[in-house]
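What follows is one structure encoded as structure tokens, with my remarks underneath.
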Amino acid sequence: QICILDILVQTPKGYTQHSSYTYIHPTNINMQSSPPWKFSLHIPFIFFIQVLFIILFGLFARYDPKLAMRNNFGGDSVAKSNEIMGKTYAMFQDVHVMIFIGFGFLMTFLKKYGLSAVSLNMLCSVLAIQWSILVHGFFHPHCEDPTIKWEKCPSNWGWVDINVVTLLSADFATAAVLISFGVLLGTTTPLQLLLMTLIEIVIFNVNEYIGRELIHAVDAGDTIFVHMFGAYFGLAVSRVLGNVAESENASASYVSDLFSMIGTIFLWMFWPSFNGGAAAEGDAQMRAVINTYLSLCACVMASFAASAFISPGRKFCMEHIQNATLAGGVAVGASADMIITPVGALIVGVIAGVISTAGFAYVTPYLTSKFKIADTCGVNNLHGMPSILGGFLSVILAGIATTDMYDHFNGGNPDSLHEIFPEHETQSSGWQAGMQLAAMAVTMAFAVIGGLITGWLMKKVGESTSLHRKGAVVTRLILNVGKISLKTTGLNQDMLYNDNAYFHVEV
């Protein structure tokens, strides 16, 4: 029997509450028992992918002969490897902490999704790292004889050479995936997230190859290639999935906010390493650290002030403090190693903090109501809009770059200018500015189009793996009469933002 009061659907199996409506549960799952296998396809998928990685690494990967193997290619190979480790490993570890602790704990702000946030962050990260090492290596193959460049290699069999710099690059690619994950936090299944990770890593590497190798854009802190790409890729996926549904779980608690601030602090502390890790050694890397640190400091000041100004009762809002305080690191990234000047870095941080805070207050609700984009972590505010600001900043700084600006104390020798802008030897500053703008446009296109396609695939996976029981069609018709949206593109509504969907939760 079905009884309707407002929208009340009741059967012998029970009912489920949705806002002010009560309706039948679209599934018939007891989460304490084993659900049907189609709800658990992520298990064989994980095993299959790891076995595939073992095969691919066995066929194509090797230690870098020049750095990770003793050799006689010229000079002391041990000293050279030790030098690279000394210069790179500390920053690699900093970025590593950002990936697994920073991003992981930042996303624990949901009161009933902390276990999932940290754990799925780890799962997606290790998948992305292994896959990115391979994909990046396929775009940059090495000859069997490491002394011969790939263009002149007599063999068609390319090798993926692995050293600590390879691992650092993989962490950067992983950051793009985790940014997209932040958009979809709590609204997708593990299988959908793993599928997104595999596809996004490929598109990310294609876009980065085009941007760096063909367009010759400069982006030391990956504002364009990581933050912009990851943010708008995730937003495009969210637009297709359309998982905009109210849930009592989509809120924070005192404890969850405290744990999230742990992630914020770790990200804030190590962000200079993220922006400086790939910068040229010496003065360029020094500027990257200085500019990032100053921008972050000013950003915190601006975020706190803007948060209290915008929020009701003029109190600080934890959502703003957890996220907007990091926007200065995003905005300054593309130009971190350029001559911004210390005061310029402070100004960038202030602007980024204000924009990001305002985004949480005004832009996120607009995207949700008008475009049905569920941005759980406010990724557009932390990574999206600040990355656009940072991209345009790199356009301006590339356009005004001169020898006197970069080599003022270098006796007129343009070493530093050409180190930051290698194409400046044959091209003008205006040309480089155009290439920065082109990289932004290409990245946005790859992110949006790639995200829409990936979102469609994820939607199909969600539809095929969602659980229904007899009577669900009748239920859907009743809910449609009441204009209640019942999505099956990912997690069912009672499982949104809920650890119980896929994790054992101790009571």
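By convention in this document, the chains of the structure tokens carry letters A, B, ... by their order, each chain's residues are numbered from 1, and ligands are numbered from 1 in the order they are shown.
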- Item | Nearby residues (only C-alpha atoms) at most 9 Å from Pro146 in chain A, same-chain spacing under 4 positions excluded, as a ChimeraX atom specification | /A:64-66,73,142,150
- Once DSSP has gone over the backbone, tell me which residues of range 181-430 of chain A are in alpha helix (DSSP H), as an NGL selection string. :A and (181-184 or 190-209 or 229-241 or 254-276 or 283-310 or 318-323 or 327-332 or 342-358 or 364-371 or 379 or 385-399 or 403-406 or 415-420 or 429-430)
- Counting only C-alpha atoms, figure out which residue out of A:Met435, A:Ile373, A:Met107, A:Ala176 gets nearest to Val395 in chain A.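 The closest residue to Val395 in chain A is A:Met435.
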Could you pull the residues within 9 Å of Glu200 in chain A, counting only C-alpha atoms, minus those fewer than 2 positions along the same chain, as an mmCIF file with N, CA and C atoms, in the first residue's frame?
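The resulting file, result.cif, is reproduced below:
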data_model
loop_
_atom_site.group_PDB
_atom_site.id
_atom_site.type_symbol
_atom_site.label_atom_id
_atom_site.label_comp_id
_atom_site.auth_asym_id
_atom_site.auth_seq_id
_atom_site.Cartn_x
_atom_site.Cartn_y
_atom_site.Cartn_z
ATOM 1 N N ALA A 128 46.789 7.725 -8.761
ATOM 2 C CA ALA A 128 47.238 8.807 -9.637
ATOM 3 C C ALA A 128 48.761 8.839 -9.764
ATOM 4 N N ALA A 176 46.118 17.787 -8.980
ATOM 5 C CA ALA A 176 45.005 18.154 -9.864
ATOM 6 C C ALA A 176 43.810 17.236 -9.641
ATOM 7 N N VAL A 177 44.076 15.939 -9.485
ATOM 8 C CA VAL A 177 43.003 14.973 -9.237
ATOM 9 C C VAL A 177 42.323 15.252 -7.903
ATOM 10 N N LEU A 195 37.654 5.876 -11.653
ATOM 11 C CA LEU A 195 37.536 6.088 -13.099
ATOM 12 C C LEU A 195 37.934 7.507 -13.459
ATOM 13 N N MET A 196 37.465 8.475 -12.681
ATOM 14 C CA MET A 196 37.829 9.868 -12.925
ATOM 15 C C MET A 196 39.339 10.066 -12.833
ATOM 16 N N THR A 197 39.957 9.435 -11.850
ATOM 17 C CA THR A 197 41.402 9.574 -11.657
ATOM 18 C C THR A 197 42.168 9.079 -12.877
ATOM 19 N N LEU A 198 41.807 7.926 -13.382
ATOM 20 C CA LEU A 198 42.495 7.367 -14.550
ATOM 21 C C LEU A 198 42.374 8.281 -15.764
ATOM 22 N N VAL A 202 45.431 11.238 -17.606
ATOM 23 C CA VAL A 202 45.796 11.236 -19.030
ATOM 24 C C VAL A 202 45.587 12.616 -19.628
ATOM 25 N N ILE A 203 44.410 13.196 -19.402
ATOM 26 C CA ILE A 203 44.111 14.518 -19.967
ATOM 27 C C ILE A 203 45.036 15.574 -19.384
ATOM 28 N N PHE A 204 45.327 15.456 -18.090
ATOM 29 C CA PHE A 204 46.253 16.404 -17.450
ATOM 30 C C PHE A 204 47.610 16.383 -18.137
ATOM 31 N N ASN A 205 48.161 15.199 -18.364
ATOM 32 C CA ASN A 205 49.479 15.102 -18.973
ATOM 33 C C ASN A 205 49.478 15.575 -20.422
ATOM 34 N N GLY A 230 42.479 21.299 -12.560
ATOM 35 C CA GLY A 230 41.780 20.453 -11.603
ATOM 36 C C GLY A 230 40.445 21.033 -11.173
ATOM 37 N N PHE A 233 37.909 21.050 -14.282
ATOM 38 C CA PHE A 233 37.620 19.666 -14.638
ATOM 39 C C PHE A 233 36.581 19.108 -13.654
ATOM 40 N N ALA A 447 40.059 21.176 -19.626
ATOM 41 C CA ALA A 447 39.418 20.901 -18.341
ATOM 42 C C ALA A 447 37.910 20.762 -18.496
ATOM 43 N N GLY A 450 37.051 17.879 -21.203
ATOM 44 C CA GLY A 450 37.428 16.602 -20.596
ATOM 45 C C GLY A 450 36.555 16.267 -19.411
ATOM 46 N N GLY A 451 36.221 17.274 -18.603
ATOM 47 C CA GLY A 451 35.367 17.055 -17.449
ATOM 48 C C GLY A 451 33.955 16.657 -17.837
ATOM 49 N N THR A 454 34.157 13.038 -19.062
ATOM 50 C CA THR A 454 34.380 12.160 -17.914
ATOM 51 C C THR A 454 33.143 12.087 -17.034
#
- Mind checking which residues fall within 7 Å of Val332 in chain A, counting only C-alpha atoms, ignoring those fewer than 6 positions away in the same chain, and posting them as a list in words? Thr292, Ser295, Val348 and Gly390 of chain A
Hey, which bits of range 155-191 of chain A sit within 12 Å of range 275-285 of chain A, and for each residue what's the closest pair of atoms and how far apart in Å (one decimal), counting only C-alpha atoms, rows by chain and increasing number, as JSON lines?
{"residue": "A:Val164", "atom": "CA", "partner": "A:Gly277", "partner_atom": "CA", "distance": 11.6}
{"residue": "A:Val165", "atom": "CA", "partner": "A:Ala278", "partner_atom": "CA", "distance": 8.8}
{"residue": "A:Thr166", "atom": "CA", "partner": "A:Ala278", "partner_atom": "CA", "distance": 11.1}
{"residue": "A:Leu167", "atom": "CA", "partner": "A:Gly277", "partner_atom": "CA", "distance": 11.7}
{"residue": "A:Leu168", "atom": "CA", "partner": "A:Gly277", "partner_atom": "CA", "distance": 8.0}
{"residue": "A:Ser169", "atom": "CA", "partner": "A:Ala278", "partner_atom": "CA", "distance": 8.3}
{"residue": "A:Ala170", "atom": "CA", "partner": "A:Ala278", "partner_atom": "CA", "distance": 11.9}
{"residue": "A:Asp171", "atom": "CA", "partner": "A:Gly277", "partner_atom": "CA", "distance": 10.9}
{"residue": "A:Phe172", "atom": "CA", "partner": "A:Ala278", "partner_atom": "CA", "distance": 9.5}
Next, the residues of the selection above should be written as a short mmCIF file (atom, residue, chain, number, x, y, z; two decimals), in the first residue's frame with N, CA, C and O atoms.
data_model
loop_
_atom_site.label_atom_id
_atom_site.label_comp_id
_atom_site.auth_asym_id
_atom_site.auth_seq_id
_atom_site.Cartn_x
_atom_site.Cartn_y
_atom_site.Cartn_z
N VAL A 164 63.86 10.77 -8.36
CA VAL A 164 63.08 11.51 -7.38
C VAL A 164 62.31 12.66 -8.01
O VAL A 164 61.22 13.04 -7.56
N VAL A 165 62.82 13.22 -9.11
CA VAL A 165 62.10 14.29 -9.81
C VAL A 165 60.84 13.73 -10.46
O VAL A 165 59.79 14.40 -10.52
N THR A 166 60.91 12.48 -10.94
CA THR A 166 59.74 11.82 -11.49
C THR A 166 58.64 11.71 -10.44
O THR A 166 57.46 11.94 -10.72
N LEU A 167 59.03 11.35 -9.23
CA LEU A 167 58.06 11.22 -8.14
C LEU A 167 57.44 12.57 -7.80
O LEU A 167 56.24 12.66 -7.52
N LEU A 168 58.25 13.63 -7.84
CA LEU A 168 57.73 14.97 -7.56
C LEU A 168 56.71 15.39 -8.61
O LEU A 168 55.65 15.94 -8.29
N SER A 169 57.02 15.11 -9.88
CA SER A 169 56.10 15.44 -10.97
C SER A 169 54.78 14.68 -10.82
O SER A 169 53.70 15.21 -11.09
N ALA A 170 54.87 13.42 -10.40
CA ALA A 170 53.67 12.63 -10.18
C ALA A 170 52.81 13.21 -9.07
O ALA A 170 51.58 13.19 -9.13
N ASP A 171 53.45 13.75 -8.03
CA ASP A 171 52.70 14.39 -6.95
C ASP A 171 51.96 15.62 -7.45
O ASP A 171 50.82 15.89 -7.04
N PHE A 172 52.59 16.40 -8.32
CA PHE A 172 51.92 17.57 -8.89
C PHE A 172 50.67 17.16 -9.67
O PHE A 172 49.62 17.78 -9.57
#
- Kindly indicate which residue among A:Gly353, A:Asn323, A:Thr174, A:Glu425 lies nearest to Met122 in chain A, using only C-alpha atoms for the distances.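 Among the listed residues, A:Thr174 lies closest to Met122 in chain A.
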- Task: Please identify all polymer residues within 7 Å of Ser132 in chain A, counting only C-alpha atoms, omitting same-chain residues fewer than 2 positions from it, and present them as a PyMOL selection string.
- Result: chain A and resi 128-130+134-136+170+173+201
- Selected residue of minimal separation from Ile339 in chain A among A:Trp157, A:Phe274, A:Phe392, A:Tyr406, counting only C-alpha atoms: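 When distances to Ile339 in chain A are compared using only C-alpha atoms, the smallest one comes from A:Tyr406.
Straight-line separation from CA of Gly234 in chain A to CA of Val118 in chain A: 18.2 Å.
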- Closest of A:Phe309, A:Phe60, A:Phe409, A:Phe181 to Ser116 in chain A - atom-to-atom distances counting only C-alpha atoms: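 Closest residue, counting only C-alpha atoms: A:Phe181.
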- Query: Using only C-alpha atoms, which residue out of A:Ala220, A:Met444, A:Met495, A:Met91 lies closest to Ala288 in chain A?
  - Reply: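 Selected residue with least distance to Ala288 in chain A: A:Ala220.
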- Using DSSP on the backbone coordinates, identify the residues of range 12-176 of chain A assigned to strand (DSSP E or B); present them as a list in words. Gly14, Thr16, Gln17, His18, Tyr21, Thr22, Tyr23, Ala61, Arg62, Tyr63, His142, Trp159, Val160, Asp161 and Ile162 of chain A
